[in-house]
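Remarks on the structure that follows.
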Amino acid sequence: MAAAFALFLKLIPLYVTVTLGWIAGRYLEASGKHIAGIMLYIMTPSVVFAGVMAAPLSAEVILLPFLTFTMCCVIGFVHLVIAKRIITDDSASLIPLSVGTGNTGYFGIPVALLLFGQEGLALYIVCMLGTTLFENSVGFYLAARGRYSLKDALVRVARLPSVYAFVLAVMLNLSGFSIPDVFTPLFDNLRGAYSILGMMIIGMGILSFRGLAGNLRFTGLAFFGKFVSWPIAAMAFWWLDASFFGIYNLAVYQAFFLISITPIAANTVVIATLLDTAPKQAAGTALLSTLFALAFIPVMVALVIP
């Protein structure tokens, strides 16, 4: 448990950042919506581009985002069926986003860098793109509950800069190009700002720390899907591939597992706010899951990741 405690201490700055975001939202009237636009169109594509450029690409690695996307879809749809049976208000449509994706970027990237180093981080970012695709396509469409057509959802995906950043980075990487040394500090700084601003968005979404759980059925199902169903699915993939197929290596299994144990995505709060679909419920549950992850991630990492 010494390793778990050491990781616990290293995660504390992330939670201080959430608190700073709350202070900014409550007392400075800072808006997470404005920051979300910068994150979506500038920082996320930059982080994805730099990560894929640094990754050792192969056909198997390029397929990783689609594997992650498929897993997100399966978990999201299964829990949506359950949500429609036990949750009576419109927050049920947020369950696929809450359980299918995760805070893989703002929260997961600094943890991945801490655990795996630069090369492992690159593989993690390739896997992470699958959650970004789900979040901005299927997850968004299900959360909209018919307010937006399938065509609108597809147009949203087509406008997602991260997709083009991924494709461009794959082409350049396979062609033997690399990021010039003069730009390395820029991408390092963007990655740091990405994590800091992303965690602050969670704090900005919370106006009061009272009644964070809101609808207990929603919170309970979201926690079950995020911290039980996803890790079990990731471990099943790890076991099946390692035992029978042998397509991927330990670094990929570890990256996939880290994705599975990240807390509820901060962008779930952003999307809920944009759609005016239980935004307080989404913000409260996201923050609770982030607080829970402070202890959950170190323990799981110590138990599973060598």
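Identifiers in the structure tokens: chain A, B, ... in order shown; residue index from 1 per chain; ligand index from 1 in order shown.
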Show which residues sit within 10 Å of Ala266 in chain A, as a PDB file with N, CA and C atoms, in the first residue's frame. Count only C-alpha atoms, and ignore same-chain residues fewer than 5 positions away.
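Output (selection.pdb):
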ATOM      1  N   GLY A  32     -17.189  27.998 -17.099  1.00  0.00           N
ATOM      2  CA  GLY A  32     -16.568  26.822 -17.688  1.00  0.00           C
ATOM      3  C   GLY A  32     -16.855  26.695 -19.172  1.00  0.00           C
ATOM      4  N   ALA A  36     -14.259  25.665 -21.987  1.00  0.00           N
ATOM      5  CA  ALA A  36     -14.532  24.434 -22.731  1.00  0.00           C
ATOM      6  C   ALA A  36     -14.285  24.618 -24.218  1.00  0.00           C
ATOM      7  N   SER A  98     -22.042   9.475 -18.555  1.00  0.00           N
ATOM      8  CA  SER A  98     -21.435   9.357 -17.229  1.00  0.00           C
ATOM      9  C   SER A  98     -20.623   8.078 -17.076  1.00  0.00           C
ATOM     10  N   GLY A 102     -15.012   9.004 -19.531  1.00  0.00           N
ATOM     11  CA  GLY A 102     -14.383   9.271 -18.244  1.00  0.00           C
ATOM     12  C   GLY A 102     -13.505  10.502 -18.373  1.00  0.00           C
ATOM     13  N   ASN A 103     -12.985  10.957 -17.272  1.00  0.00           N
ATOM     14  CA  ASN A 103     -12.100  12.117 -17.302  1.00  0.00           C
ATOM     15  C   ASN A 103     -10.700  11.657 -17.712  1.00  0.00           C
ATOM     16  N   THR A 104     -10.654  11.101 -18.919  1.00  0.00           N
ATOM     17  CA  THR A 104      -9.425  10.480 -19.416  1.00  0.00           C
ATOM     18  C   THR A 104      -8.358  11.492 -19.796  1.00  0.00           C
ATOM     19  N   GLY A 105      -8.785  12.714 -20.100  1.00  0.00           N
ATOM     20  CA  GLY A 105      -7.832  13.727 -20.525  1.00  0.00           C
ATOM     21  C   GLY A 105      -7.345  14.585 -19.389  1.00  0.00           C
ATOM     22  N   TYR A 106      -8.232  15.433 -18.852  1.00  0.00           N
ATOM     23  CA  TYR A 106      -7.836  16.384 -17.815  1.00  0.00           C
ATOM     24  C   TYR A 106      -7.245  15.673 -16.603  1.00  0.00           C
ATOM     25  N   PHE A 107      -7.850  14.562 -16.221  1.00  0.00           N
ATOM     26  CA  PHE A 107      -7.409  13.810 -15.044  1.00  0.00           C
ATOM     27  C   PHE A 107      -6.422  12.704 -15.423  1.00  0.00           C
ATOM     28  N   GLY A 198      -8.913  21.814 -17.347  1.00  0.00           N
ATOM     29  CA  GLY A 198      -9.933  20.776 -17.352  1.00  0.00           C
ATOM     30  C   GLY A 198     -10.424  20.444 -15.956  1.00  0.00           C
ATOM     31  N   MET A 199      -9.517  20.360 -14.990  1.00  0.00           N
ATOM     32  CA  MET A 199      -9.926  20.087 -13.624  1.00  0.00           C
ATOM     33  C   MET A 199     -10.671  21.276 -13.027  1.00  0.00           C
ATOM     34  N   MET A 200     -10.306  22.489 -13.430  1.00  0.00           N
ATOM     35  CA  MET A 200     -10.998  23.675 -12.921  1.00  0.00           C
ATOM     36  C   MET A 200     -12.438  23.731 -13.413  1.00  0.00           C
ATOM     37  N   ILE A 201     -12.713  23.164 -14.600  1.00  0.00           N
ATOM     38  CA  ILE A 201     -14.074  23.151 -15.126  1.00  0.00           C
ATOM     39  C   ILE A 201     -15.007  22.420 -14.166  1.00  0.00           C
ATOM     40  N   ILE A 202     -14.523  21.328 -13.566  1.00  0.00           N
ATOM     41  CA  ILE A 202     -15.346  20.580 -12.616  1.00  0.00           C
ATOM     42  C   ILE A 202     -15.716  21.471 -11.441  1.00  0.00           C
ATOM     43  N   GLY A 203     -14.732  22.175 -10.898  1.00  0.00           N
ATOM     44  CA  GLY A 203     -15.011  23.061  -9.772  1.00  0.00           C
ATOM     45  C   GLY A 203     -15.961  24.186 -10.140  1.00  0.00           C
ATOM     46  N   GLY A 205     -18.359  24.048 -12.157  1.00  0.00           N
ATOM     47  CA  GLY A 205     -19.720  23.543 -12.325  1.00  0.00           C
ATOM     48  C   GLY A 205     -20.459  23.370 -11.015  1.00  0.00           C
ATOM     49  N   ILE A 271     -21.615  19.237 -21.421  1.00  0.00           N
ATOM     50  CA  ILE A 271     -22.690  18.831 -22.331  1.00  0.00           C
ATOM     51  C   ILE A 271     -24.043  18.955 -21.652  1.00  0.00           C
ATOM     52  N   ALA A 282     -25.341  16.430 -12.925  1.00  0.00           N
ATOM     53  CA  ALA A 282     -24.109  16.006 -13.583  1.00  0.00           C
ATOM     54  C   ALA A 282     -22.880  16.565 -12.873  1.00  0.00           C
ATOM     55  N   ALA A 283     -22.927  17.847 -12.502  1.00  0.00           N
ATOM     56  CA  ALA A 283     -21.780  18.469 -11.841  1.00  0.00           C
ATOM     57  C   ALA A 283     -21.515  17.852 -10.481  1.00  0.00           C
ATOM     58  N   ALA A 286     -20.178  14.265 -10.939  1.00  0.00           N
ATOM     59  CA  ALA A 286     -18.812  14.300 -11.466  1.00  0.00           C
ATOM     60  C   ALA A 286     -17.815  14.654 -10.368  1.00  0.00           C
ATOM     61  N   LEU A 287     -18.168  15.629  -9.539  1.00  0.00           N
ATOM     62  CA  LEU A 287     -17.262  16.017  -8.462  1.00  0.00           C
ATOM     63  C   LEU A 287     -17.122  14.902  -7.431  1.00  0.00           C
ATOM     64  N   THR A 290     -14.864  12.332  -8.719  1.00  0.00           N
ATOM     65  CA  THR A 290     -13.479  12.787  -8.698  1.00  0.00           C
ATOM     66  C   THR A 290     -12.896  12.675  -7.299  1.00  0.00           C
TER      67      THR A 290
END
Selection: 10 Å around Leu28 in chain A, only C-alpha atoms, excl. self and same-chain fewer than 6 positions, as a list in words
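Those residues are Gly21, Trp22 and Met204 of chain A.
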Just to be explicit: take each residue in the selection above, keep N, CA and C atoms, and write the result as a PDB file, in the first residue's frame.
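Saved result, part.pdb, follows:
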ATOM      1  N   GLY A  21     -10.966  26.014  -9.141  1.00  0.00           N
ATOM      2  CA  GLY A  21     -12.029  26.210 -10.117  1.00  0.00           C
ATOM      3  C   GLY A  21     -13.337  26.589  -9.454  1.00  0.00           C
ATOM      4  N   TRP A  22     -13.634  25.943  -8.315  1.00  0.00           N
ATOM      5  CA  TRP A  22     -14.850  26.269  -7.575  1.00  0.00           C
ATOM      6  C   TRP A  22     -14.812  27.711  -7.079  1.00  0.00           C
ATOM      7  N   MET A 204     -15.838  24.719 -11.353  1.00  0.00           N
ATOM      8  CA  MET A 204     -16.716  25.805 -11.790  1.00  0.00           C
ATOM      9  C   MET A 204     -18.167  25.354 -11.915  1.00  0.00           C
TER      10      MET A 204
END
Out of A:Val111, A:Ser91, A:Val99, A:Ala143, which residue has the shortest atom-to-atom distance to Leu274 in chain A when counting only C-alpha atoms?
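Selected residue with least distance to Leu274 in chain A: A:Ala143.
Distance check against Arg159 in chain A using only C-alpha atoms: of A:Ile125, A:Leu40, A:Val78, A:Met171, the minimum falls on A:Leu40.
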Can you pull out the residues contacting range 218-223 of chain A? Cut-off 9 Å, using only C-alpha atoms, and skip same-chain residues under 3 positions away; I want them as a list in words.
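In the requested format, the answer is His79, Ile82, Ala83, Ile86, Ile87, Ser91, Ala92, Ile95, Pro96, Ser98, Val99, Ala213, Gly214, Asn215, Lys226, Phe227, Val228, Pro263, Ile264, Gln281, Ala282, Gly284, Thr285, Leu288 and Ser289 of chain A.
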Write out, as CSV, each residue of range 67-148 of chain A that has an atom at most 7 Å from range 42-61 of chain A, together with the closest pair of atoms and their distance in Å to one decimal, counting only C-alpha atoms, rows going by chain and rising number.
residue,atom,partner,partner_atom,distance
A:Glu119,CA,A:Ala55,CA,6.4
A:Ala122,CA,A:Gly51,CA,4.5
A:Leu123,CA,A:Ala55,CA,5.8
A:Ile125,CA,A:Gly51,CA,5.8
A:Val126,CA,A:Val52,CA,6.1
Can you work out which one of A:Ile109, A:Leu197, A:Ala158, A:Val138 has the shortest atom-to-atom distance to Thr17 in chain A, counting only C-alpha atoms?
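Using only C-alpha atoms, Thr17 in chain A sits closest to A:Leu197.
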Would you list the contacts of Gln254 in chain A as a list in words, taking every protein, DNA or RNA residue within 9 Å and counting only C-alpha atoms, but skipping same-chain residues closer than 3 positions in sequence?
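Neighbouring residues, sequence-local ones excluded: Phe116, Gly120, Tyr124, Trp238, Asn249, Leu250, Ala251, Phe257, Leu258, Ile259, Val304 and Ile305 of chain A.
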If you run DSSP over the backbone, which residues in range 9-151 of chain A end up helix (DSSP H, G or I)? Put them as an NGL selection string.
:A and (9-27 or 32-54 or 59-62 or 64-86 or 90-100 or 108-135 or 138-144 or 150-151)
